[in-house]
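First up is the structure itself, then whatever we jot down about it.
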Amino acid sequence: MAGRYKSDLTMADVTLKAAWMNRRQIMAGAGAAALGAIAGPAMAGLGAKKTGYGQGLEPNTWEEITSYNNFYEFGTGKDDPVRNAGAMKTDPWSVKIDGLVDRPGEYSMGDILAGVTLEERIYRLRCVEAWSMVVPWVGFELADLLNRVGVKPSAKYVAFETAYLPEVMPGLSYPIVSWPYTEGLRLDEAMHPLTILATGIYDEPMPNQNGAPIRLVVPWKYGYKSIKSITRISLVESEPPTAWNGYSASEYGFYSNVNPNRDHPRWSQASERRIGGGLFSKKIPTLMFNGYEKEVAHLYEGMDLIKYH
Ligand code: MTE
């Protein structure tokens, strides 16, 4: 398949970190197990298939990935999501899939994951705010799900919606973007093998602050396209409205492909701060399409990427 690559080094690296994580989890869970609690999936691990996506990347630590977040429904501070998102109930959870599909419906997480082989995908995450991380996601290709529900030929775009839960999401009281948070992709972007729905990190279930139980990950686009805690996926004919584009179209385009040559009106996008190492976090050059140019540039052939930013 186009876009597959291998890096044994990175996989070995992640395996070590995953093993370390699991040991810690098992030790933390030992007390609960002694009290008769059932060792659930959080201790067993998700058993994701290790695959070759990784490209020599050094993943951030579990602590970094799960304590420095953007999830404005829970507050705008980087540590608000980890503090507040625990109140969101993610089981049971269902996703409404509607619009131009053969089998619309309200799909439970069980339905969505039935027959799915979860896979590890180590991707760069580049936030539009000019910081970045490397995250070992666990998930499956969005194309798998779209093919299962059957996309009608008239569908050209996919629209996504996050849960709207005022009782547990203090951020909804502030009209930052128009809630619920929405995002969208062109159908060919949605069907690209790099585009995944993620349900975990480091072989552990997705923490709430990172978008449990299911979120989008589109690694060549700014992080805000990777919408969290999805409750609705709609196949539509025309470009859907999206949260940040609605806030300011000149700052946040519909495409939002990572592009070091197109600055945000208020700051440069030429470089990024890689989270980690505390004060010593490194400033590194930002890569075109976040380093996925070989895999995705063909989607935008002939398009003016400054105009369609
Ligand atoms: N999804 C929702 N629903 N709400 C948000 O505020 N923030 C986005 C994106 N998805 C956001 C969201 C932004 S700006 C980024 S950079 C990523 O989530 C951050 O993902 P992470 O916290 O898992 O690193």
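In the structure tokens, chains take letters A, B, ... by order of appearance, with residues numbered from 1 within each chain and ligands from 1 in the order shown.
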Check stretch 94-248 of chain A with DSSP on the backbone and list each residue it calls helix (DSSP H, G or I), as a PDB file with N, CA, C and O atoms, in the first residue's frame.
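What landed in part-v2.pdb:
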ATOM      1  N   MET A 109     -19.771   1.681  20.443  1.00  0.00           N
ATOM      2  CA  MET A 109     -18.334   1.415  20.306  1.00  0.00           C
ATOM      3  C   MET A 109     -18.096  -0.056  19.971  1.00  0.00           C
ATOM      4  O   MET A 109     -17.174  -0.386  19.238  1.00  0.00           O
ATOM      5  N   GLY A 110     -18.957  -0.936  20.514  1.00  0.00           N
ATOM      6  CA  GLY A 110     -18.853  -2.360  20.199  1.00  0.00           C
ATOM      7  C   GLY A 110     -19.032  -2.614  18.704  1.00  0.00           C
ATOM      8  O   GLY A 110     -18.276  -3.365  18.093  1.00  0.00           O
ATOM      9  N   ASP A 111     -20.061  -1.956  18.118  1.00  0.00           N
ATOM     10  CA  ASP A 111     -20.295  -2.100  16.668  1.00  0.00           C
ATOM     11  C   ASP A 111     -19.088  -1.579  15.891  1.00  0.00           C
ATOM     12  O   ASP A 111     -18.644  -2.191  14.915  1.00  0.00           O
ATOM     13  N   ILE A 112     -18.598  -0.422  16.314  1.00  0.00           N
ATOM     14  CA  ILE A 112     -17.513   0.235  15.571  1.00  0.00           C
ATOM     15  C   ILE A 112     -16.245  -0.606  15.588  1.00  0.00           C
ATOM     16  O   ILE A 112     -15.524  -0.693  14.601  1.00  0.00           O
ATOM     17  N   LEU A 113     -15.995  -1.272  16.734  1.00  0.00           N
ATOM     18  CA  LEU A 113     -14.739  -2.019  16.871  1.00  0.00           C
ATOM     19  C   LEU A 113     -14.873  -3.494  16.485  1.00  0.00           C
ATOM     20  O   LEU A 113     -13.877  -4.212  16.459  1.00  0.00           O
ATOM     21  N   LEU A 142      -9.775   5.208   9.202  1.00  0.00           N
ATOM     22  CA  LEU A 142     -11.148   5.730   9.049  1.00  0.00           C
ATOM     23  C   LEU A 142     -11.805   5.093   7.825  1.00  0.00           C
ATOM     24  O   LEU A 142     -13.010   4.817   7.831  1.00  0.00           O
ATOM     25  N   ALA A 143     -11.011   4.848   6.786  1.00  0.00           N
ATOM     26  CA  ALA A 143     -11.546   4.228   5.562  1.00  0.00           C
ATOM     27  C   ALA A 143     -12.243   2.897   5.862  1.00  0.00           C
ATOM     28  O   ALA A 143     -13.262   2.571   5.239  1.00  0.00           O
ATOM     29  N   ASP A 144     -11.709   2.126   6.824  1.00  0.00           N
ATOM     30  CA  ASP A 144     -12.334   0.842   7.203  1.00  0.00           C
ATOM     31  C   ASP A 144     -13.785   1.054   7.605  1.00  0.00           C
ATOM     32  O   ASP A 144     -14.681   0.335   7.164  1.00  0.00           O
ATOM     33  N   LEU A 145     -13.995   2.031   8.484  1.00  0.00           N
ATOM     34  CA  LEU A 145     -15.343   2.289   8.989  1.00  0.00           C
ATOM     35  C   LEU A 145     -16.236   2.832   7.870  1.00  0.00           C
ATOM     36  O   LEU A 145     -17.379   2.385   7.712  1.00  0.00           O
ATOM     37  N   LEU A 146     -15.708   3.762   7.087  1.00  0.00           N
ATOM     38  CA  LEU A 146     -16.523   4.352   6.017  1.00  0.00           C
ATOM     39  C   LEU A 146     -16.915   3.289   4.998  1.00  0.00           C
ATOM     40  O   LEU A 146     -18.046   3.266   4.513  1.00  0.00           O
ATOM     41  N   ASN A 147     -15.994   2.375   4.710  1.00  0.00           N
ATOM     42  CA  ASN A 147     -16.338   1.296   3.767  1.00  0.00           C
ATOM     43  C   ASN A 147     -17.394   0.364   4.345  1.00  0.00           C
ATOM     44  O   ASN A 147     -18.242  -0.152   3.618  1.00  0.00           O
ATOM     45  N   ARG A 148     -17.345   0.165   5.661  1.00  0.00           N
ATOM     46  CA  ARG A 148     -18.346  -0.724   6.277  1.00  0.00           C
ATOM     47  C   ARG A 148     -19.747  -0.129   6.232  1.00  0.00           C
ATOM     48  O   ARG A 148     -20.722  -0.851   6.064  1.00  0.00           O
ATOM     49  N   VAL A 149     -19.843   1.194   6.399  1.00  0.00           N
ATOM     50  CA  VAL A 149     -21.185   1.802   6.375  1.00  0.00           C
ATOM     51  C   VAL A 149     -21.621   2.119   4.945  1.00  0.00           C
ATOM     52  O   VAL A 149     -22.808   2.354   4.702  1.00  0.00           O
ATOM     53  N   PRO A 170     -17.001  22.506  31.280  1.00  0.00           N
ATOM     54  CA  PRO A 170     -17.120  23.912  31.678  1.00  0.00           C
ATOM     55  C   PRO A 170     -16.810  24.872  30.524  1.00  0.00           C
ATOM     56  O   PRO A 170     -17.330  25.989  30.484  1.00  0.00           O
ATOM     57  N   GLY A 171     -16.001  24.440  29.572  1.00  0.00           N
ATOM     58  CA  GLY A 171     -15.607  25.323  28.466  1.00  0.00           C
ATOM     59  C   GLY A 171     -16.760  25.718  27.560  1.00  0.00           C
ATOM     60  O   GLY A 171     -16.686  26.734  26.852  1.00  0.00           O
ATOM     61  N   LEU A 172     -17.851  24.943  27.590  1.00  0.00           N
ATOM     62  CA  LEU A 172     -18.976  25.243  26.694  1.00  0.00           C
ATOM     63  C   LEU A 172     -19.674  26.549  27.089  1.00  0.00           C
ATOM     64  O   LEU A 172     -20.425  27.107  26.293  1.00  0.00           O
ATOM     65  N   SER A 173     -19.428  27.036  28.316  1.00  0.00           N
ATOM     66  CA  SER A 173     -20.029  28.316  28.722  1.00  0.00           C
ATOM     67  C   SER A 173     -19.351  29.498  28.045  1.00  0.00           C
ATOM     68  O   SER A 173     -19.828  30.616  28.154  1.00  0.00           O
ATOM     69  N   LEU A 187     -13.379  13.889   1.091  1.00  0.00           N
ATOM     70  CA  LEU A 187     -13.514  12.427   1.156  1.00  0.00           C
ATOM     71  C   LEU A 187     -12.186  11.712   0.879  1.00  0.00           C
ATOM     72  O   LEU A 187     -11.855  10.732   1.542  1.00  0.00           O
ATOM     73  N   ASP A 188     -11.401  12.210  -0.097  1.00  0.00           N
ATOM     74  CA  ASP A 188     -10.129  11.526  -0.387  1.00  0.00           C
ATOM     75  C   ASP A 188      -9.145  11.643   0.782  1.00  0.00           C
ATOM     76  O   ASP A 188      -8.348  10.724   1.015  1.00  0.00           O
ATOM     77  N   GLU A 189      -9.210  12.732   1.541  1.00  0.00           N
ATOM     78  CA  GLU A 189      -8.370  12.864   2.738  1.00  0.00           C
ATOM     79  C   GLU A 189      -8.832  11.872   3.807  1.00  0.00           C
ATOM     80  O   GLU A 189      -8.025  11.242   4.490  1.00  0.00           O
ATOM     81  N   ALA A 190     -10.150  11.764   3.933  1.00  0.00           N
ATOM     82  CA  ALA A 190     -10.716  10.855   4.941  1.00  0.00           C
ATOM     83  C   ALA A 190     -10.370   9.399   4.619  1.00  0.00           C
ATOM     84  O   ALA A 190     -10.158   8.587   5.527  1.00  0.00           O
ATOM     85  N   ASN A 208      -9.351  10.369  28.692  1.00  0.00           N
ATOM     86  CA  ASN A 208     -10.407  11.337  28.351  1.00  0.00           C
ATOM     87  C   ASN A 208      -9.829  12.634  27.798  1.00  0.00           C
ATOM     88  O   ASN A 208     -10.352  13.200  26.835  1.00  0.00           O
ATOM     89  N   GLN A 209      -8.751  13.130  28.402  1.00  0.00           N
ATOM     90  CA  GLN A 209      -8.196  14.416  27.976  1.00  0.00           C
ATOM     91  C   GLN A 209      -7.649  14.369  26.546  1.00  0.00           C
ATOM     92  O   GLN A 209      -7.484  15.395  25.903  1.00  0.00           O
ATOM     93  N   ASN A 210      -7.368  13.179  26.050  1.00  0.00           N
ATOM     94  CA  ASN A 210      -6.886  13.040  24.677  1.00  0.00           C
ATOM     95  C   ASN A 210      -8.002  12.710  23.686  1.00  0.00           C
ATOM     96  O   ASN A 210      -7.736  12.534  22.497  1.00  0.00           O
ATOM     97  N   GLY A 223      -3.084  20.132  14.378  1.00  0.00           N
ATOM     98  CA  GLY A 223      -3.739  19.274  15.358  1.00  0.00           C
ATOM     99  C   GLY A 223      -5.226  19.510  15.537  1.00  0.00           C
ATOM    100  O   GLY A 223      -5.966  18.589  15.884  1.00  0.00           O
ATOM    101  N   TYR A 224      -5.691  20.735  15.290  1.00  0.00           N
ATOM    102  CA  TYR A 224      -7.110  20.989  15.569  1.00  0.00           C
ATOM    103  C   TYR A 224      -8.046  20.251  14.621  1.00  0.00           C
ATOM    104  O   TYR A 224      -9.233  20.112  14.898  1.00  0.00           O
ATOM    105  N   LYS A 225      -7.496  19.765  13.483  1.00  0.00           N
ATOM    106  CA  LYS A 225      -8.338  18.943  12.605  1.00  0.00           C
ATOM    107  C   LYS A 225      -8.645  17.588  13.263  1.00  0.00           C
ATOM    108  O   LYS A 225      -9.618  16.927  12.903  1.00  0.00           O
ATOM    109  N   ALA A 243     -15.254  24.272  13.212  1.00  0.00           N
ATOM    110  CA  ALA A 243     -15.218  25.153  14.385  1.00  0.00           C
ATOM    111  C   ALA A 243     -14.211  26.301  14.237  1.00  0.00           C
ATOM    112  O   ALA A 243     -14.575  27.473  14.372  1.00  0.00           O
ATOM    113  N   TRP A 244     -12.961  25.984  13.966  1.00  0.00           N
ATOM    114  CA  TRP A 244     -11.937  27.033  13.946  1.00  0.00           C
ATOM    115  C   TRP A 244     -12.030  27.883  12.696  1.00  0.00           C
ATOM    116  O   TRP A 244     -11.722  29.071  12.716  1.00  0.00           O
ATOM    117  N   ASN A 245     -12.460  27.317  11.601  1.00  0.00           N
ATOM    118  CA  ASN A 245     -12.671  28.108  10.386  1.00  0.00           C
ATOM    119  C   ASN A 245     -13.783  29.124  10.622  1.00  0.00           C
ATOM    120  O   ASN A 245     -13.689  30.276  10.188  1.00  0.00           O
ATOM    121  N   GLY A 246     -14.808  28.723  11.350  1.00  0.00           N
ATOM    122  CA  GLY A 246     -15.896  29.630  11.690  1.00  0.00           C
ATOM    123  C   GLY A 246     -15.435  30.744  12.614  1.00  0.00           C
ATOM    124  O   GLY A 246     -15.913  31.869  12.544  1.00  0.00           O
ATOM    125  N   TYR A 247     -14.464  30.460  13.455  1.00  0.00           N
ATOM    126  CA  TYR A 247     -13.907  31.453  14.378  1.00  0.00           C
ATOM    127  C   TYR A 247     -13.140  32.513  13.591  1.00  0.00           C
ATOM    128  O   TYR A 247     -13.295  33.709  13.817  1.00  0.00           O
TER     129      TYR A 247
END
List every residue of chain A that has an atom at most 7 Å from any atom of ligand 1, giving for each one its closest atom pair and the distance in Å to one decimal, counting only C-alpha atoms and all ligand atoms, sorted by chain and then by ascending residue number, as JSON lines.
{"residue": "A:Ile65", "atom": "CA", "partner": "ligand 1", "partner_atom_place_in_ligand_line": "24 (O)", "distance": 6.1}
{"residue": "A:Tyr68", "atom": "CA", "partner": "ligand 1", "partner_atom_place_in_ligand_line": "22 (O)", "distance": 6.5}
{"residue": "A:Asn69", "atom": "CA", "partner": "ligand 1", "partner_atom_place_in_ligand_line": "22 (O)", "distance": 3.4}
{"residue": "A:Asn70", "atom": "CA", "partner": "ligand 1", "partner_atom_place_in_ligand_line": "7 (N)", "distance": 4.4}
{"residue": "A:Phe71", "atom": "CA", "partner": "ligand 1", "partner_atom_place_in_ligand_line": "6 (O)", "distance": 3.4}
{"residue": "A:Tyr72", "atom": "CA", "partner": "ligand 1", "partner_atom_place_in_ligand_line": "6 (O)", "distance": 3.8}
{"residue": "A:Glu73", "atom": "CA", "partner": "ligand 1", "partner_atom_place_in_ligand_line": "4 (N)", "distance": 6.0}
{"residue": "A:Arg126", "atom": "CA", "partner": "ligand 1", "partner_atom_place_in_ligand_line": "16 (S)", "distance": 6.7}
{"residue": "A:Cys127", "atom": "CA", "partner": "ligand 1", "partner_atom_place_in_ligand_line": "16 (S)", "distance": 4.1}
{"residue": "A:Val128", "atom": "CA", "partner": "ligand 1", "partner_atom_place_in_ligand_line": "16 (S)", "distance": 6.7}
{"residue": "A:Thr162", "atom": "CA", "partner": "ligand 1", "partner_atom_place_in_ligand_line": "3 (N)", "distance": 5.0}
{"residue": "A:Tyr181", "atom": "CA", "partner": "ligand 1", "partner_atom_place_in_ligand_line": "3 (N)", "distance": 5.1}
{"residue": "A:Gln209", "atom": "CA", "partner": "ligand 1", "partner_atom_place_in_ligand_line": "22 (O)", "distance": 6.4}
{"residue": "A:Asn210", "atom": "CA", "partner": "ligand 1", "partner_atom_place_in_ligand_line": "23 (O)", "distance": 3.9}
{"residue": "A:Gly211", "atom": "CA", "partner": "ligand 1", "partner_atom_place_in_ligand_line": "23 (O)", "distance": 6.6}
{"residue": "A:Tyr222", "atom": "CA", "partner": "ligand 1", "partner_atom_place_in_ligand_line": "16 (S)", "distance": 6.9}
{"residue": "A:Gly223", "atom": "CA", "partner": "ligand 1", "partner_atom_place_in_ligand_line": "16 (S)", "distance": 3.8}
{"residue": "A:Tyr224", "atom": "CA", "partner": "ligand 1", "partner_atom_place_in_ligand_line": "8 (C)", "distance": 3.5}
{"residue": "A:Lys225", "atom": "CA", "partner": "ligand 1", "partner_atom_place_in_ligand_line": "9 (C)", "distance": 6.2}
{"residue": "A:Ser226", "atom": "CA", "partner": "ligand 1", "partner_atom_place_in_ligand_line": "10 (N)", "distance": 4.9}
{"residue": "A:Ile227", "atom": "CA", "partner": "ligand 1", "partner_atom_place_in_ligand_line": "1 (N)", "distance": 3.9}
{"residue": "A:Lys228", "atom": "CA", "partner": "ligand 1", "partner_atom_place_in_ligand_line": "1 (N)", "distance": 4.0}
{"residue": "A:Ser229", "atom": "CA", "partner": "ligand 1", "partner_atom_place_in_ligand_line": "3 (N)", "distance": 6.3}
Report summary line: With distances taken over only C-alpha atoms, the candidate from A:Ser268, A:Ser108, A:Asn261, A:Asn84 nearest A:Phe289 is A:Asn261
DSSP says strand (DSSP E or B) for which residues of stretch 41-162 of chain A? Put them as a PDB file with N, CA and C atoms, in the first residue's frame?
ATOM      1  N   LYS A  49      -1.626  -4.225  17.092  1.00  0.00           N
ATOM      2  CA  LYS A  49      -0.643  -4.781  16.167  1.00  0.00           C
ATOM      3  C   LYS A  49       0.470  -3.753  15.982  1.00  0.00           C
ATOM      4  N   SER A  94     -21.740   6.098  21.776  1.00  0.00           N
ATOM      5  CA  SER A  94     -22.105   5.711  20.406  1.00  0.00           C
ATOM      6  C   SER A  94     -21.830   6.871  19.464  1.00  0.00           C
ATOM      7  N   VAL A  95     -21.686   6.537  18.218  1.00  0.00           N
ATOM      8  CA  VAL A  95     -21.415   7.519  17.171  1.00  0.00           C
ATOM      9  C   VAL A  95     -22.527   7.413  16.133  1.00  0.00           C
ATOM     10  N   LYS A  96     -23.162   8.550  15.869  1.00  0.00           N
ATOM     11  CA  LYS A  96     -24.203   8.574  14.840  1.00  0.00           C
ATOM     12  C   LYS A  96     -23.504   8.734  13.487  1.00  0.00           C
ATOM     13  N   ILE A  97     -23.785   7.828  12.586  1.00  0.00           N
ATOM     14  CA  ILE A  97     -23.208   7.947  11.243  1.00  0.00           C
ATOM     15  C   ILE A  97     -24.376   8.167  10.290  1.00  0.00           C
ATOM     16  N   ASP A  98     -24.357   9.321   9.618  1.00  0.00           N
ATOM     17  CA  ASP A  98     -25.532   9.653   8.801  1.00  0.00           C
ATOM     18  C   ASP A  98     -25.137  10.392   7.529  1.00  0.00           C
ATOM     19  N   GLY A  99     -26.130  10.859   6.829  1.00  0.00           N
ATOM     20  CA  GLY A  99     -25.893  11.545   5.558  1.00  0.00           C
ATOM     21  C   GLY A  99     -25.841  10.542   4.420  1.00  0.00           C
ATOM     22  N   VAL A 101     -24.762   7.770   3.279  1.00  0.00           N
ATOM     23  CA  VAL A 101     -24.231   6.424   3.514  1.00  0.00           C
ATOM     24  C   VAL A 101     -25.331   5.390   3.304  1.00  0.00           C
ATOM     25  N   GLY A 105     -26.909   5.037  10.959  1.00  0.00           N
ATOM     26  CA  GLY A 105     -27.371   4.504  12.242  1.00  0.00           C
ATOM     27  C   GLY A 105     -26.598   5.054  13.407  1.00  0.00           C
ATOM     28  N   GLU A 106     -27.019   4.626  14.588  1.00  0.00           N
ATOM     29  CA  GLU A 106     -26.353   4.984  15.837  1.00  0.00           C
ATOM     30  C   GLU A 106     -25.496   3.765  16.179  1.00  0.00           C
ATOM     31  N   TYR A 107     -24.193   3.881  16.018  1.00  0.00           N
ATOM     32  CA  TYR A 107     -23.295   2.737  16.204  1.00  0.00           C
ATOM     33  C   TYR A 107     -22.625   2.799  17.572  1.00  0.00           C
ATOM     34  N   SER A 108     -22.749   1.712  18.340  1.00  0.00           N
ATOM     35  CA  SER A 108     -22.077   1.659  19.651  1.00  0.00           C
ATOM     36  C   SER A 108     -20.587   1.442  19.411  1.00  0.00           C
ATOM     37  N   GLU A 119      -4.198  -1.103  15.529  1.00  0.00           N
ATOM     38  CA  GLU A 119      -2.834  -1.012  15.029  1.00  0.00           C
ATOM     39  C   GLU A 119      -2.149   0.188  15.666  1.00  0.00           C
ATOM     40  N   GLU A 120      -0.859   0.052  15.950  1.00  0.00           N
ATOM     41  CA  GLU A 120      -0.115   1.196  16.471  1.00  0.00           C
ATOM     42  C   GLU A 120       0.347   2.082  15.320  1.00  0.00           C
ATOM     43  N   ARG A 121       0.185   3.382  15.478  1.00  0.00           N
ATOM     44  CA  ARG A 121       0.657   4.348  14.475  1.00  0.00           C
ATOM     45  C   ARG A 121       1.424   5.442  15.200  1.00  0.00           C
ATOM     46  N   ILE A 122       2.704   5.494  14.992  1.00  0.00           N
ATOM     47  CA  ILE A 122       3.518   6.536  15.632  1.00  0.00           C
ATOM     48  C   ILE A 122       3.588   7.726  14.675  1.00  0.00           C
ATOM     49  N   TYR A 123       2.918   8.813  15.079  1.00  0.00           N
ATOM     50  CA  TYR A 123       2.796   9.986  14.214  1.00  0.00           C
ATOM     51  C   TYR A 123       3.306  11.234  14.914  1.00  0.00           C
ATOM     52  N   ARG A 124       3.807  12.172  14.103  1.00  0.00           N
ATOM     53  CA  ARG A 124       4.032  13.527  14.614  1.00  0.00           C
ATOM     54  C   ARG A 124       2.670  14.199  14.776  1.00  0.00           C
ATOM     55  N   LEU A 125       2.539  15.005  15.839  1.00  0.00           N
ATOM     56  CA  LEU A 125       1.346  15.846  16.024  1.00  0.00           C
ATOM     57  C   LEU A 125       1.842  17.284  16.070  1.00  0.00           C
ATOM     58  N   ARG A 126       1.427  18.090  15.100  1.00  0.00           N
ATOM     59  CA  ARG A 126       1.892  19.490  15.017  1.00  0.00           C
ATOM     60  C   ARG A 126       0.702  20.401  15.276  1.00  0.00           C
ATOM     61  N   TRP A 131       3.740  24.100  18.636  1.00  0.00           N
ATOM     62  CA  TRP A 131       4.407  23.071  19.433  1.00  0.00           C
ATOM     63  C   TRP A 131       4.077  21.712  18.805  1.00  0.00           C
ATOM     64  N   SER A 132       4.855  20.710  19.144  1.00  0.00           N
ATOM     65  CA  SER A 132       4.613  19.392  18.544  1.00  0.00           C
ATOM     66  C   SER A 132       4.994  18.280  19.507  1.00  0.00           C
ATOM     67  N   MET A 133       4.503  17.101  19.184  1.00  0.00           N
ATOM     68  CA  MET A 133       4.830  15.887  19.945  1.00  0.00           C
ATOM     69  C   MET A 133       4.908  14.741  18.957  1.00  0.00           C
ATOM     70  N   VAL A 134       5.360  13.598  19.446  1.00  0.00           N
ATOM     71  CA  VAL A 134       5.250  12.354  18.682  1.00  0.00           C
ATOM     72  C   VAL A 134       4.435  11.403  19.543  1.00  0.00           C
ATOM     73  N   VAL A 135       3.354  10.878  18.957  1.00  0.00           N
ATOM     74  CA  VAL A 135       2.405  10.086  19.747  1.00  0.00           C
ATOM     75  C   VAL A 135       2.247   8.680  19.160  1.00  0.00           C
ATOM     76  N   PRO A 136       2.426   7.644  19.981  1.00  0.00           N
ATOM     77  CA  PRO A 136       2.159   6.280  19.515  1.00  0.00           C
ATOM     78  C   PRO A 136       0.673   5.948  19.673  1.00  0.00           C
ATOM     79  N   TRP A 137      -0.124   6.387  18.693  1.00  0.00           N
ATOM     80  CA  TRP A 137      -1.575   6.150  18.732  1.00  0.00           C
ATOM     81  C   TRP A 137      -1.875   4.675  18.541  1.00  0.00           C
ATOM     82  N   VAL A 138      -3.036   4.274  18.988  1.00  0.00           N
ATOM     83  CA  VAL A 138      -3.592   2.962  18.655  1.00  0.00           C
ATOM     84  C   VAL A 138      -4.934   3.226  17.992  1.00  0.00           C
ATOM     85  N   GLY A 139      -5.149   2.630  16.834  1.00  0.00           N
ATOM     86  CA  GLY A 139      -6.415   2.874  16.150  1.00  0.00           C
ATOM     87  C   GLY A 139      -6.564   2.051  14.892  1.00  0.00           C
ATOM     88  N   PHE A 140      -7.387   2.547  14.001  1.00  0.00           N
ATOM     89  CA  PHE A 140      -7.632   1.845  12.737  1.00  0.00           C
ATOM     90  C   PHE A 140      -7.990   2.892  11.689  1.00  0.00           C
ATOM     91  N   GLU A 141      -7.882   2.499  10.433  1.00  0.00           N
ATOM     92  CA  GLU A 141      -8.097   3.477   9.374  1.00  0.00           C
ATOM     93  C   GLU A 141      -9.568   3.902   9.301  1.00  0.00           C
ATOM     94  N   VAL A 151     -20.228   4.327   1.560  1.00  0.00           N
ATOM     95  CA  VAL A 151     -20.293   5.736   1.166  1.00  0.00           C
ATOM     96  C   VAL A 151     -20.988   5.838  -0.188  1.00  0.00           C
ATOM     97  N   TYR A 157     -17.484  15.003   1.093  1.00  0.00           N
ATOM     98  CA  TYR A 157     -16.817  15.449   2.327  1.00  0.00           C
ATOM     99  C   TYR A 157     -17.323  14.633   3.509  1.00  0.00           C
ATOM    100  N   VAL A 158     -16.512  14.641   4.586  1.00  0.00           N
ATOM    101  CA  VAL A 158     -16.929  14.001   5.829  1.00  0.00           C
ATOM    102  C   VAL A 158     -16.914  15.065   6.935  1.00  0.00           C
ATOM    103  N   ALA A 159     -18.027  15.161   7.646  1.00  0.00           N
ATOM    104  CA  ALA A 159     -18.140  16.122   8.756  1.00  0.00           C
ATOM    105  C   ALA A 159     -18.126  15.356  10.083  1.00  0.00           C
ATOM    106  N   PHE A 160     -17.466  15.936  11.085  1.00  0.00           N
ATOM    107  CA  PHE A 160     -17.340  15.285  12.396  1.00  0.00           C
ATOM    108  C   PHE A 160     -17.835  16.239  13.486  1.00  0.00           C
ATOM    109  N   GLU A 161     -18.352  15.646  14.552  1.00  0.00           N
ATOM    110  CA  GLU A 161     -18.831  16.432  15.685  1.00  0.00           C
ATOM    111  C   GLU A 161     -18.362  15.807  16.993  1.00  0.00           C
ATOM    112  N   THR A 162     -17.957  16.657  17.936  1.00  0.00           N
ATOM    113  CA  THR A 162     -17.583  16.205  19.284  1.00  0.00           C
ATOM    114  C   THR A 162     -18.823  16.187  20.174  1.00  0.00           C
TER     115      THR A 162
END
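Counting only C-alpha atoms, the residue from A:Tyr202, A:Trp220, A:Phe280, A:Phe74 that sits nearest to A:Ala297 is A:Trp220.
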Query raised in the report: Could you state the separation of atom CA of A:Gly150 and atom CA of A:Ala48 in Å, given to one decimal place?
Result: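 These two atoms are separated by 25.5 Å.
A straight line drawn from atom CA of A:His264 to atom CA of A:Ser248 is 11.3 Å long.
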**Report entry** Separation of atom CA of A:Ala270 from atom CA of A:Leu57 in Å
**Finding:**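 These atoms are spaced 19.6 Å apart.
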